[in-house]
>>> print(open('work-v5.pdb').read())   # PDB, C-alpha atoms, pLDDT in the B column
ATOM      1  CA  MET A   7     -16.338  36.408  25.693  1.00 44.00           C
ATOM      2  CA  ARG A   8     -15.199  35.568  22.189  1.00 56.00           C
ATOM      3  CA  ARG A   9     -11.597  35.133  23.384  1.00 60.00           C
ATOM      4  CA  GLY A  10     -12.726  32.761  26.137  1.00 60.00           C
ATOM      5  CA  SER A  11     -14.781  30.752  23.659  1.00 72.00           C
ATOM      6  CA  LEU A  12     -11.805  30.457  21.322  1.00 71.00           C
ATOM      7  CA  LYS A  13      -9.590  29.293  24.177  1.00 73.00           C
ATOM      8  CA  THR A  14     -12.154  26.664  25.174  1.00 75.00           C
ATOM      9  CA  ARG A  15     -12.396  25.410  21.621  1.00 69.00           C
ATOM     10  CA  LEU A  16      -8.615  25.213  21.399  1.00 72.00           C
ATOM     11  CA  LEU A  17      -8.390  23.194  24.620  1.00 70.00           C
ATOM     12  CA  ILE A  18     -11.129  20.815  23.457  1.00 70.00           C
ATOM     13  CA  GLY A  19      -9.399  20.405  20.104  1.00 65.00           C
ATOM     14  CA  LEU A  20      -6.077  19.666  21.776  1.00 72.00           C
ATOM     15  CA  ALA A  21      -7.759  17.116  24.042  1.00 71.00           C
ATOM     16  CA  ILE A  22      -9.335  15.360  21.057  1.00 68.00           C
ATOM     17  CA  ALA A  23      -6.022  15.359  19.197  1.00 69.00           C
ATOM     18  CA  ALA A  24      -4.225  13.951  22.230  1.00 76.00           C
ATOM     19  CA  PHE A  25      -6.828  11.207  22.595  1.00 65.00           C
ATOM     20  CA  PHE A  26      -6.441  10.016  19.001  1.00 61.00           C
ATOM     21  CA  ALA A  27      -2.653  10.312  19.132  1.00 72.00           C
ATOM     22  CA  ILE A  28      -2.442   8.191  22.279  1.00 76.00           C
ATOM     23  CA  ARG A  29      -4.888   5.658  20.875  1.00 70.00           C
ATOM     24  CA  TYR A  30      -2.879   5.411  17.663  1.00 68.00           C
ATOM     25  CA  CYS A  31       0.338   4.817  19.601  1.00 78.00           C
ATOM     26  CA  ASN A  32      -1.341   2.147  21.718  1.00 74.00           C
ATOM     27  CA  GLN A  33      -2.458   0.354  18.557  1.00 71.00           C
ATOM     28  CA  ARG A  34       1.109  -0.232  17.421  1.00 84.00           C
ATOM     29  CA  GLU A  35       2.193  -3.858  17.374  1.00 88.00           C
ATOM     30  CA  VAL A  36       4.765  -6.075  15.696  1.00 91.00           C
ATOM     31  CA  ASN A  37       3.509  -8.029  12.711  1.00 86.00           C
ATOM     32  CA  GLN A  38       4.450 -11.580  13.635  1.00 86.00           C
ATOM     33  CA  TYR A  39       4.962 -12.529   9.981  1.00 87.00           C
ATOM     34  CA  THR A  40       7.037  -9.577   8.775  1.00 88.00           C
ATOM     35  CA  GLY A  41       8.570  -8.339  12.032  1.00 89.00           C
ATOM     36  CA  ARG A  42       7.538  -4.795  11.170  1.00 90.00           C
ATOM     37  CA  MET A  43       5.961  -2.427  13.710  1.00 93.00           C
ATOM     38  CA  GLN A  44       2.607  -1.084  12.536  1.00 90.00           C
ATOM     39  CA  ALA A  45      -0.599   0.398  13.936  1.00 83.00           C
ATOM     40  CA  ILE A  46      -3.568  -1.982  13.669  1.00 86.00           C
ATOM     41  CA  SER A  47      -7.045  -1.090  14.909  1.00 85.00           C
ATOM     42  CA  ILE A  48      -9.034  -4.157  13.759  1.00 86.00           C
ATOM     43  CA  THR A  49      -8.762  -7.883  14.430  1.00 91.00           C
ATOM     44  CA  THR A  50      -7.937 -10.536  11.854  1.00 92.00           C
ATOM     45  CA  GLU A  51     -11.562 -11.692  12.096  1.00 94.00           C
ATOM     46  CA  GLN A  52     -12.697  -8.189  11.154  1.00 92.00           C
ATOM     47  CA  GLU A  53     -10.230  -8.119   8.254  1.00 92.00           C
ATOM     48  CA  ILE A  54     -11.688 -11.369   6.925  1.00 94.00           C
ATOM     49  CA  ALA A  55     -15.246 -10.068   7.337  1.00 94.00           C
ATOM     50  CA  ILE A  56     -14.444  -6.810   5.514  1.00 92.00           C
ATOM     51  CA  GLY A  57     -12.894  -8.701   2.612  1.00 93.00           C
ATOM     52  CA  LEU A  58     -15.776 -11.137   2.258  1.00 94.00           C
ATOM     53  CA  GLN A  59     -18.332  -8.352   2.446  1.00 94.00           C
ATOM     54  CA  SER A  60     -16.531  -6.190  -0.129  1.00 93.00           C
ATOM     55  CA  ALA A  61     -15.590  -8.929  -2.609  1.00 95.00           C
ATOM     56  CA  PRO A  62     -18.889  -9.090  -4.586  1.00 95.00           C
ATOM     57  CA  GLN A  63     -18.944  -5.324  -5.086  1.00 94.00           C
ATOM     58  CA  MET A  64     -15.320  -5.246  -6.223  1.00 94.00           C
ATOM     59  CA  ALA A  65     -15.996  -8.041  -8.715  1.00 96.00           C
ATOM     60  CA  GLN A  66     -19.030  -6.208 -10.037  1.00 95.00           C
ATOM     61  CA  GLN A  67     -16.964  -3.077 -10.639  1.00 94.00           C
ATOM     62  CA  HIS A  68     -14.773  -5.124 -12.985  1.00 96.00           C
ATOM     63  CA  GLY A  69     -17.559  -6.792 -14.940  1.00 96.00           C
ATOM     64  CA  GLY A  70     -17.923  -9.794 -12.663  1.00 97.00           C
ATOM     65  CA  LEU A  71     -15.901 -13.002 -12.807  1.00 97.00           C
ATOM     66  CA  TYR A  72     -14.314 -14.218 -16.035  1.00 97.00           C
ATOM     67  CA  PRO A  73     -16.546 -16.986 -17.441  1.00 96.00           C
ATOM     68  CA  ASN A  74     -13.922 -19.674 -17.929  1.00 96.00           C
ATOM     69  CA  ASN A  75     -13.704 -22.391 -15.295  1.00 96.00           C
ATOM     70  CA  GLN A  76     -10.421 -23.709 -16.670  1.00 97.00           C
ATOM     71  CA  TYR A  77      -8.668 -20.360 -16.294  1.00 98.00           C
ATOM     72  CA  GLN A  78     -10.166 -19.859 -12.840  1.00 98.00           C
ATOM     73  CA  ALA A  79      -8.998 -23.313 -11.767  1.00 98.00           C
ATOM     74  CA  PHE A  80      -5.503 -22.440 -12.970  1.00 98.00           C
ATOM     75  CA  VAL A  81      -5.491 -19.240 -10.904  1.00 98.00           C
ATOM     76  CA  ASP A  82      -6.722 -21.212  -7.876  1.00 98.00           C
ATOM     77  CA  GLN A  83      -4.041 -23.855  -8.390  1.00 98.00           C
ATOM     78  CA  VAL A  84      -1.186 -21.365  -8.490  1.00 98.00           C
ATOM     79  CA  GLY A  85      -2.533 -19.267  -5.632  1.00 98.00           C
ATOM     80  CA  ASN A  86      -3.140 -22.233  -3.348  1.00 98.00           C
ATOM     81  CA  LYS A  87       0.316 -23.631  -4.114  1.00 98.00           C
ATOM     82  CA  LEU A  88       1.868 -20.357  -3.017  1.00 98.00           C
ATOM     83  CA  VAL A  89      -0.138 -20.316   0.206  1.00 97.00           C
ATOM     84  CA  LYS A  90       0.444 -23.951   1.164  1.00 97.00           C
ATOM     85  CA  SER A  91       4.187 -23.754   0.478  1.00 96.00           C
ATOM     86  CA  SER A  92       4.905 -20.583   2.418  1.00 93.00           C
ATOM     87  CA  LEU A  93       4.483 -18.583   5.587  1.00 92.00           C
ATOM     88  CA  ALA A  94       1.003 -17.643   4.354  1.00 94.00           C
ATOM     89  CA  ALA A  95      -0.235 -21.084   5.439  1.00 95.00           C
ATOM     90  CA  GLU A  96       0.442 -20.123   9.064  1.00 93.00           C
ATOM     91  CA  THR A  97      -1.875 -17.118   8.933  1.00 94.00           C
ATOM     92  CA  PRO A  98      -5.577 -17.252   9.902  1.00 94.00           C
ATOM     93  CA  TYR A  99      -6.646 -15.684   6.603  1.00 95.00           C
ATOM     94  CA  LYS A 100      -8.933 -17.463   4.129  1.00 91.00           C
ATOM     95  CA  TYR A 101      -7.228 -16.975   0.780  1.00 96.00           C
ATOM     96  CA  GLU A 102      -9.516 -16.944  -2.252  1.00 97.00           C
ATOM     97  CA  PHE A 103      -8.478 -16.057  -5.789  1.00 98.00           C
ATOM     98  CA  HIS A 104     -10.751 -14.434  -8.356  1.00 98.00           C
ATOM     99  CA  LEU A 105     -10.203 -13.938 -12.097  1.00 98.00           C
ATOM    100  CA  LEU A 106     -12.145 -10.836 -13.141  1.00 98.00           C
ATOM    101  CA  ALA A 107     -13.789 -10.307 -16.532  1.00 98.00           C
ATOM    102  CA  ASP A 108     -12.252  -6.843 -16.999  1.00 97.00           C
ATOM    103  CA  ARG A 109     -10.414  -6.905 -20.348  1.00 96.00           C
ATOM    104  CA  LYS A 110      -9.210  -3.285 -20.214  1.00 94.00           C
ATOM    105  CA  THR A 111      -7.714  -2.666 -16.762  1.00 92.00           C
ATOM    106  CA  ILE A 112      -4.336  -4.312 -16.238  1.00 93.00           C
ATOM    107  CA  ASN A 113      -4.432  -4.795 -12.506  1.00 93.00           C
ATOM    108  CA  ALA A 114      -4.422  -7.128  -9.518  1.00 95.00           C
ATOM    109  CA  PHE A 115      -5.362  -6.254  -5.965  1.00 95.00           C
ATOM    110  CA  ALA A 116      -6.184  -7.704  -2.566  1.00 95.00           C
ATOM    111  CA  LEU A 117      -8.860  -6.988   0.001  1.00 94.00           C
ATOM    112  CA  PRO A 118      -8.279  -7.481   3.724  1.00 92.00           C
ATOM    113  CA  GLY A 119      -8.435 -11.020   5.007  1.00 94.00           C
ATOM    114  CA  GLY A 120      -7.537 -13.045   1.924  1.00 96.00           C
ATOM    115  CA  GLN A 121      -9.612 -11.966  -1.086  1.00 97.00           C
ATOM    116  CA  ILE A 122      -7.317 -11.643  -4.127  1.00 97.00           C
ATOM    117  CA  PHE A 123      -8.263 -10.469  -7.623  1.00 98.00           C
ATOM    118  CA  ILE A 124      -6.566 -10.380 -11.002  1.00 97.00           C
ATOM    119  CA  THR A 125      -8.153  -8.918 -14.118  1.00 97.00           C
ATOM    120  CA  TYR A 126      -8.275 -10.872 -17.349  1.00 98.00           C
ATOM    121  CA  ALA A 127      -6.496  -7.909 -18.949  1.00 96.00           C
ATOM    122  CA  LEU A 128      -3.418  -8.655 -16.827  1.00 97.00           C
ATOM    123  CA  PHE A 129      -3.864 -12.441 -16.824  1.00 98.00           C
ATOM    124  CA  SER A 130      -3.854 -12.504 -20.632  1.00 97.00           C
ATOM    125  CA  GLN A 131      -0.570 -10.560 -20.740  1.00 96.00           C
ATOM    126  CA  LEU A 132       1.315 -13.029 -18.535  1.00 97.00           C
ATOM    127  CA  GLU A 133       3.689 -15.336 -20.361  1.00 96.00           C
ATOM    128  CA  ASN A 134       3.877 -18.299 -17.995  1.00 97.00           C
ATOM    129  CA  GLU A 135       2.787 -19.814 -14.679  1.00 98.00           C
ATOM    130  CA  ASP A 136       5.727 -18.299 -12.826  1.00 98.00           C
ATOM    131  CA  GLN A 137       4.621 -14.781 -13.745  1.00 98.00           C
ATOM    132  CA  LEU A 138       1.127 -15.547 -12.481  1.00 98.00           C
ATOM    133  CA  ALA A 139       2.748 -16.766  -9.261  1.00 98.00           C
ATOM    134  CA  GLY A 140       4.613 -13.451  -9.070  1.00 97.00           C
ATOM    135  CA  VAL A 141       1.394 -11.455  -9.323  1.00 97.00           C
ATOM    136  CA  LEU A 142      -0.510 -13.578  -6.812  1.00 98.00           C
ATOM    137  CA  GLY A 143       2.485 -13.788  -4.460  1.00 98.00           C
ATOM    138  CA  HIS A 144       2.670 -10.001  -4.386  1.00 97.00           C
ATOM    139  CA  GLU A 145      -1.025  -9.766  -3.470  1.00 97.00           C
ATOM    140  CA  ILE A 146      -0.656 -12.419  -0.767  1.00 97.00           C
ATOM    141  CA  GLY A 147       2.111 -10.196   0.571  1.00 96.00           C
ATOM    142  CA  HIS A 148      -0.338  -7.305   0.970  1.00 95.00           C
ATOM    143  CA  ILE A 149      -2.619  -9.487   3.073  1.00 95.00           C
ATOM    144  CA  LEU A 150       0.112 -11.010   5.211  1.00 95.00           C
ATOM    145  CA  GLY A 151       1.611  -7.541   5.645  1.00 93.00           C
ATOM    146  CA  ARG A 152      -1.817  -6.325   6.873  1.00 92.00           C
ATOM    147  CA  HIS A 153      -1.488  -3.229   4.712  1.00 92.00           C
ATOM    148  CA  SER A 154      -5.232  -2.551   4.471  1.00 87.00           C
ATOM    149  CA  ALA A 155      -5.628  -2.860   8.232  1.00 87.00           C
ATOM    150  CA  GLU A 156      -2.727  -0.452   8.678  1.00 87.00           C
ATOM    151  CA  ARG A 157      -4.330   2.054   6.306  1.00 86.00           C
ATOM    152  CA  ILE A 158      -7.614   1.796   8.230  1.00 85.00           C
ATOM    153  CA  ALA A 159      -5.839   2.663  11.501  1.00 81.00           C
ATOM    154  CA  GLU A 160      -4.127   5.625   9.834  1.00 81.00           C
ATOM    155  CA  THR A 161      -7.425   6.823   8.398  1.00 82.00           C
ATOM    156  CA  GLU A 162      -9.074   6.689  11.821  1.00 79.00           C
ATOM    157  CA  PHE A 163      -6.178   8.676  13.254  1.00 72.00           C
ATOM    158  CA  TRP A 164      -6.389  11.403  10.613  1.00 69.00           C
ATOM    159  CA  GLN A 165     -10.163  11.562  10.892  1.00 76.00           C
ATOM    160  CA  GLY A 166      -9.653  12.179  14.604  1.00 73.00           C
ATOM    161  CA  MET A 167      -7.162  14.920  13.799  1.00 69.00           C
ATOM    162  CA  ALA A 168      -9.706  16.413  11.392  1.00 74.00           C
ATOM    163  CA  THR A 169     -12.284  16.494  14.179  1.00 72.00           C
ATOM    164  CA  ALA A 170      -9.787  18.178  16.486  1.00 66.00           C
ATOM    165  CA  GLY A 171      -8.956  20.726  13.796  1.00 67.00           C
ATOM    166  CA  SER A 172     -12.610  21.492  13.173  1.00 68.00           C
ATOM    167  CA  VAL A 173     -13.220  22.159  16.848  1.00 61.00           C
ATOM    168  CA  SER A 174     -10.139  24.235  17.526  1.00 54.00           C
ATOM    169  CA  ALA A 175      -9.210  26.118  14.363  1.00 52.00           C
ATOM    170  CA  ASP A 176     -11.527  25.312  11.465  1.00 50.00           C
ATOM    171  CA  VAL A 177      -8.824  23.349   9.649  1.00 43.00           C
ATOM    172  CA  GLY A 178     -10.572  20.001   9.879  1.00 44.00           C
ATOM    173  CA  GLY A 179     -11.568  20.096   6.220  1.00 47.00           C
ATOM    174  CA  ILE A 180      -7.951  20.396   5.142  1.00 40.00           C
ATOM    175  CA  VAL A 181      -6.897  17.434   7.274  1.00 38.00           C
ATOM    176  CA  GLN A 182      -9.889  15.412   6.056  1.00 46.00           C
ATOM    177  CA  GLN A 183      -8.963  16.062   2.431  1.00 48.00           C
ATOM    178  CA  TYR A 184      -5.428  14.920   3.148  1.00 40.00           C
ATOM    179  CA  ALA A 185      -6.693  11.716   4.724  1.00 44.00           C
ATOM    180  CA  GLN A 186      -9.032  10.994   1.822  1.00 46.00           C
ATOM    181  CA  GLY A 187      -6.309  11.598  -0.719  1.00 46.00           C
ATOM    182  CA  LYS A 188      -3.490   9.677   0.914  1.00 44.00           C
ATOM    183  CA  LEU A 189      -4.960   6.855   2.952  1.00 42.00           C
ATOM    184  CA  LEU A 190      -6.745   3.584   2.219  1.00 48.00           C
ATOM    185  CA  ILE A 191      -4.317   3.319  -0.702  1.00 58.00           C
ATOM    186  CA  ASN A 192      -1.234   1.132  -0.504  1.00 59.00           C
ATOM    187  CA  GLY A 193       1.906   3.255  -0.493  1.00 70.00           C
ATOM    188  CA  ARG A 194       5.339   2.685  -1.998  1.00 77.00           C
ATOM    189  CA  GLY A 195       6.600   0.948   1.113  1.00 86.00           C
ATOM    190  CA  ASP A 196       3.673  -1.481   1.019  1.00 90.00           C
ATOM    191  CA  GLU A 197       4.344  -2.308  -2.628  1.00 92.00           C
ATOM    192  CA  LEU A 198       8.050  -2.929  -2.059  1.00 93.00           C
ATOM    193  CA  GLU A 199       7.355  -5.087   1.000  1.00 94.00           C
ATOM    194  CA  SER A 200       4.818  -7.116  -0.998  1.00 95.00           C
ATOM    195  CA  ASP A 201       7.320  -7.557  -3.829  1.00 95.00           C
ATOM    196  CA  GLU A 202       9.862  -8.893  -1.352  1.00 95.00           C
ATOM    197  CA  LEU A 203       7.348 -11.235   0.259  1.00 96.00           C
ATOM    198  CA  GLY A 204       6.216 -12.351  -3.192  1.00 97.00           C
ATOM    199  CA  VAL A 205       9.782 -13.318  -4.067  1.00 97.00           C
ATOM    200  CA  MET A 206      10.014 -15.359  -0.870  1.00 96.00           C
ATOM    201  CA  PHE A 207       6.683 -17.094  -1.566  1.00 97.00           C
ATOM    202  CA  MET A 208       7.746 -17.916  -5.137  1.00 97.00           C
ATOM    203  CA  ILE A 209      11.019 -19.471  -3.990  1.00 96.00           C
ATOM    204  CA  ASP A 210       9.254 -21.468  -1.268  1.00 96.00           C
ATOM    205  CA  ALA A 211       6.780 -22.825  -3.835  1.00 97.00           C
ATOM    206  CA  GLY A 212       9.465 -23.709  -6.380  1.00 96.00           C
ATOM    207  CA  TYR A 213       8.740 -20.922  -8.848  1.00 97.00           C
ATOM    208  CA  ASN A 214      11.402 -18.869 -10.613  1.00 97.00           C
ATOM    209  CA  PRO A 215      11.411 -15.439  -8.878  1.00 96.00           C
ATOM    210  CA  GLU A 216      13.176 -13.877 -11.871  1.00 96.00           C
ATOM    211  CA  GLU A 217       9.804 -14.004 -13.625  1.00 97.00           C
ATOM    212  CA  MET A 218       8.511 -11.294 -11.292  1.00 96.00           C
ATOM    213  CA  ILE A 219      10.824  -8.971 -13.199  1.00 95.00           C
ATOM    214  CA  GLY A 220       8.928  -9.973 -16.325  1.00 95.00           C
ATOM    215  CA  VAL A 221       5.715  -8.866 -14.598  1.00 95.00           C
ATOM    216  CA  MET A 222       7.274  -5.477 -13.882  1.00 93.00           C
ATOM    217  CA  GLU A 223       8.161  -5.162 -17.562  1.00 92.00           C
ATOM    218  CA  ILE A 224       4.529  -5.866 -18.480  1.00 92.00           C
ATOM    219  CA  LEU A 225       3.334  -3.199 -16.051  1.00 88.00           C
ATOM    220  CA  LYS A 226       5.937  -0.761 -17.351  1.00 86.00           C
ATOM    221  CA  LYS A 227       4.836  -1.350 -20.937  1.00 86.00           C
ATOM    222  CA  ALA A 228       1.167  -0.994 -19.986  1.00 83.00           C
ATOM    223  CA  ALA A 229       1.838   2.364 -18.306  1.00 73.00           C
ATOM    224  CA  GLY A 230       3.436   3.653 -21.496  1.00 67.00           C
ATOM    225  CA  PRO A 231       6.025   6.420 -21.942  1.00 58.00           C
ATOM    226  CA  ASN A 232       3.840   8.965 -20.142  1.00 50.00           C
ATOM    227  CA  ARG A 233       3.540   7.067 -16.872  1.00 46.00           C
ATOM    228  CA  VAL A 234       3.247   9.138 -13.705  1.00 43.00           C
ATOM    229  CA  PRO A 235       6.632  10.012 -12.131  1.00 38.00           C
ATOM    230  CA  GLU A 236       7.357   8.101  -8.944  1.00 34.00           C
ATOM    231  CA  PHE A 237       7.267  11.180  -6.718  1.00 33.00           C
ATOM    232  CA  GLN A 238       3.661  11.787  -7.850  1.00 35.00           C
ATOM    233  CA  SER A 239       2.575   8.170  -7.503  1.00 39.00           C
ATOM    234  CA  THR A 240       1.654   5.877  -4.614  1.00 48.00           C
ATOM    235  CA  HIS A 241       3.516   3.066  -6.416  1.00 59.00           C
ATOM    236  CA  PRO A 242       7.281   2.837  -6.883  1.00 70.00           C
ATOM    237  CA  ASP A 243       8.529   3.132 -10.445  1.00 75.00           C
ATOM    238  CA  PRO A 244       8.811  -0.312 -12.115  1.00 75.00           C
ATOM    239  CA  GLU A 245      12.552   0.208 -12.609  1.00 80.00           C
ATOM    240  CA  ASN A 246      13.059   0.743  -8.877  1.00 85.00           C
ATOM    241  CA  ARG A 247      10.869  -2.257  -8.110  1.00 91.00           C
ATOM    242  CA  ILE A 248      12.984  -4.404 -10.430  1.00 92.00           C
ATOM    243  CA  GLU A 249      16.130  -3.343  -8.566  1.00 92.00           C
ATOM    244  CA  LYS A 250      14.572  -4.226  -5.205  1.00 93.00           C
ATOM    245  CA  ILE A 251      13.283  -7.545  -6.564  1.00 95.00           C
ATOM    246  CA  ARG A 252      16.784  -8.484  -7.684  1.00 95.00           C
ATOM    247  CA  GLU A 253      18.096  -7.667  -4.207  1.00 94.00           C
ATOM    248  CA  ALA A 254      15.371  -9.810  -2.623  1.00 94.00           C
ATOM    249  CA  ILE A 255      16.173 -12.738  -4.916  1.00 95.00           C
ATOM    250  CA  LYS A 256      19.837 -12.618  -3.889  1.00 93.00           C
ATOM    251  CA  GLU A 257      18.896 -12.411  -0.205  1.00 91.00           C
ATOM    252  CA  TYR A 258      16.467 -15.331  -0.188  1.00 88.00           C
ATOM    253  CA  ARG A 259      18.578 -17.506  -2.455  1.00 84.00           C
ATOM    254  CA  GLY A 260      21.591 -16.837  -0.244  1.00 73.00           C
ATOM    255  CA  PHE A 261      23.898 -15.525  -2.968  1.00 58.00           C
TER     256      PHE A 261
END
>>> encode(input="work-v5.pdb", output="structure tokens")
Amino acid sequence: MRRGSLKTRLLIGLAIAAFFAIRYCNQREVNQYTGRMQAISITTEQEIAIGLQSAPQMAQQHGGLYPNNQYQAFVDQVGNKLVKSSLAAETPYKYEFHLLADRKTINAFALPGGQIFITYALFSQLENEDQLAGVLGHEIGHILGRHSAERIAETEFWQGMATAGSVSADVGGIVQQYAQGKLLINGRGDELESDELGVMFMIDAGYNPEEMIGVMEILKKAAGPNRVPEFQSTHPDPENRIEKIREAIKEYRGF
């Protein structure tokens, strides 16, 4: 009786796994802006809604918005110039740029659908407008690349695999932990793609893409000598990013 029960559980688990695997494969589509094949399980309208809904909470986690209208207007000016001058203008996303009050965390990030944030800690380290364009262009790249939507599809897939594992062999917890640890976080490939797109956006808007290298130097300095090795990090090492940025500049400049 126990053997028959185990066999039934195994068959049910395999059926669940097959269902989520087939669904994941059917979700694959070509990103019309990057040409890359990726699995997407939500619509652009849902991406926009998720970003708008999450934006207030994300701002709150960083101390709210920085209370300087002049600085905020400057961020808006640079961000909107990048959008209007590039492929980003052809997307359905509603790009909004937010300067956060956080003076300690050197960071910038994007939510699905067009919500882009930069902390004052990073903003204050930037040396010129072109470097700000590099930061914002990179974040626009995450949105246009639909990286968050791709991570959501992957998370749904691995959650399905976790369910299948729980039913068939009691390994669902292990799969779930993997999903929680690895997904909903932009990976190295996402970062490099966003760097490349950021270079393209900067050139289209008339900014000097070489200044993105200066941003990498700021991030490298902020990480300090004890920064996490690349193989342990979701982000590429700044030195490798600089190399890829130089290659992108040559490609888009045509020499």
>>> atom_distance(input="work-v5.pdb", atom1="atom CA of A:Ala155", atom2="atom CA of A:Ile28")
18.2 Å
>>> closest_atom_pairs(input="work-v5.pdb", of="stretch 84-159 of chain A", to="stretch 46-53 of chain A", cutoff="7 Å", atoms="all atoms listed in the file", output="JSON lines")
{"residue": "A:Pro118", "atom": "CA", "partner": "A:Glu53", "partner_atom": "CA", "distance": 5.0}
{"residue": "A:Gly119", "atom": "CA", "partner": "A:Glu53", "partner_atom": "CA", "distance": 4.7}
{"residue": "A:Ala155", "atom": "CA", "partner": "A:Ile46", "partner_atom": "CA", "distance": 5.9}
{"residue": "A:Glu156", "atom": "CA", "partner": "A:Ile46", "partner_atom": "CA", "distance": 5.3}
{"residue": "A:Ala159", "atom": "CA", "partner": "A:Ser47", "partner_atom": "CA", "distance": 5.2}
>>> residues_around(input="work-v5.pdb", residues="A:Leu128", least_positions_apart="4", cutoff="7 Å", atoms="only C-alpha atoms", output="ChimeraX atom specification")
/A:112-113,124,132
>>> atom_distance(input="work-v5.pdb", atom1="atom CA of A:Ile54", atom2="atom CA of A:Tyr101")
9.4 Å
>>> atom_distance(input="work-v5.pdb", atom1="atom CA of A:Cys31", atom2="atom CA of A:Thr161")
13.8 Å
>>> resolve_selection(input="work-v5.pdb", expression="the PyMOL selection byres ((chain A and resi 111) around 10)", output="list of chain:residue names")
A:His68, A:Leu106, A:Ala107, A:Asp108, A:Arg109, A:Lys110, A:Ile112, A:Asn113, A:Ala114, A:Ile124, A:Thr125, A:Tyr126, A:Ala127, A:Leu128, A:Ala228
>>> resolve_selection(input="work-v5.pdb", expression="the PyMOL selection byres ((chain A and resi 37) around 12)", output="CSV table (one decimal) with C-alpha atoms, in the coordinates of the input")
chain,number,residue,atom,x,y,z
A,33,GLN,CA,-2.5,0.4,18.6
A,34,ARG,CA,1.1,-0.2,17.4
A,35,GLU,CA,2.2,-3.9,17.4
A,36,VAL,CA,4.8,-6.1,15.7
A,38,GLN,CA,4.4,-11.6,13.6
A,39,TYR,CA,5.0,-12.5,10.0
A,40,THR,CA,7.0,-9.6,8.8
A,41,GLY,CA,8.6,-8.3,12.0
A,42,ARG,CA,7.5,-4.8,11.2
A,43,MET,CA,6.0,-2.4,13.7
A,44,GLN,CA,2.6,-1.1,12.5
A,45,ALA,CA,-0.6,0.4,13.9
A,46,ILE,CA,-3.6,-2.0,13.7
A,50,THR,CA,-7.9,-10.5,11.9
A,97,THR,CA,-1.9,-17.1,8.9
A,149,ILE,CA,-2.6,-9.5,3.1
A,150,LEU,CA,0.1,-11.0,5.2
A,151,GLY,CA,1.6,-7.5,5.6
A,152,ARG,CA,-1.8,-6.3,6.9
A,153,HIS,CA,-1.5,-3.2,4.7
A,155,ALA,CA,-5.6,-2.9,8.2
A,156,GLU,CA,-2.7,-0.5,8.7
>>> closest_residue(input="work-v5.pdb", among="A:Ser11, A:Thr169, A:Gln66, A:Asn134", to="A:Phe80", atoms="all atoms listed in the file")
A:Asn134
>>> build_atoms(input="work-v5.pdb", residues="stretch 81-92 of chain A", atoms="N, CA and C atoms", output="PDB file, keeping the file's coordinate frame")
ATOM      1  N   VAL A  81      -5.810 -20.288 -11.877  1.00 98.00           N
ATOM      2  CA  VAL A  81      -5.491 -19.240 -10.904  1.00 98.00           C
ATOM      3  C   VAL A  81      -5.561 -19.802  -9.485  1.00 98.00           C
ATOM      4  N   ASP A  82      -6.589 -20.591  -9.202  1.00 98.00           N
ATOM      5  CA  ASP A  82      -6.722 -21.212  -7.876  1.00 98.00           C
ATOM      6  C   ASP A  82      -5.543 -22.126  -7.578  1.00 98.00           C
ATOM      7  N   GLN A  83      -5.147 -22.903  -8.567  1.00 98.00           N
ATOM      8  CA  GLN A  83      -4.041 -23.855  -8.390  1.00 98.00           C
ATOM      9  C   GLN A  83      -2.751 -23.145  -8.004  1.00 98.00           C
ATOM     10  N   VAL A  84      -2.429 -22.100  -8.746  1.00 98.00           N
ATOM     11  CA  VAL A  84      -1.186 -21.365  -8.490  1.00 98.00           C
ATOM     12  C   VAL A  84      -1.261 -20.642  -7.146  1.00 98.00           C
ATOM     13  N   GLY A  85      -2.379 -19.990  -6.886  1.00 98.00           N
ATOM     14  CA  GLY A  85      -2.533 -19.267  -5.632  1.00 98.00           C
ATOM     15  C   GLY A  85      -2.451 -20.183  -4.423  1.00 98.00           C
ATOM     16  N   ASN A  86      -3.143 -21.305  -4.478  1.00 98.00           N
ATOM     17  CA  ASN A  86      -3.140 -22.233  -3.348  1.00 98.00           C
ATOM     18  C   ASN A  86      -1.771 -22.878  -3.143  1.00 98.00           C
ATOM     19  N   LYS A  87      -1.042 -23.098  -4.228  1.00 98.00           N
ATOM     20  CA  LYS A  87       0.316 -23.631  -4.114  1.00 98.00           C
ATOM     21  C   LYS A  87       1.221 -22.655  -3.379  1.00 98.00           C
ATOM     22  N   LEU A  88       1.081 -21.380  -3.698  1.00 98.00           N
ATOM     23  CA  LEU A  88       1.868 -20.357  -3.017  1.00 98.00           C
ATOM     24  C   LEU A  88       1.543 -20.315  -1.528  1.00 98.00           C
ATOM     25  N   VAL A  89       0.284 -20.379  -1.202  1.00 97.00           N
ATOM     26  CA  VAL A  89      -0.138 -20.316   0.206  1.00 97.00           C
ATOM     27  C   VAL A  89       0.367 -21.529   0.972  1.00 97.00           C
ATOM     28  N   LYS A  90       0.114 -22.720   0.452  1.00 97.00           N
ATOM     29  CA  LYS A  90       0.444 -23.951   1.164  1.00 97.00           C
ATOM     30  C   LYS A  90       1.946 -24.154   1.333  1.00 97.00           C
ATOM     31  N   SER A  91       2.734 -23.543   0.445  1.00 96.00           N
ATOM     32  CA  SER A  91       4.187 -23.754   0.478  1.00 96.00           C
ATOM     33  C   SER A  91       4.934 -22.701   1.275  1.00 96.00           C
ATOM     34  N   SER A  92       4.219 -21.738   1.834  1.00 93.00           N
ATOM     35  CA  SER A  92       4.905 -20.583   2.418  1.00 93.00           C
ATOM     36  C   SER A  92       4.364 -20.216   3.792  1.00 93.00           C
TER      37      SER A  92
END
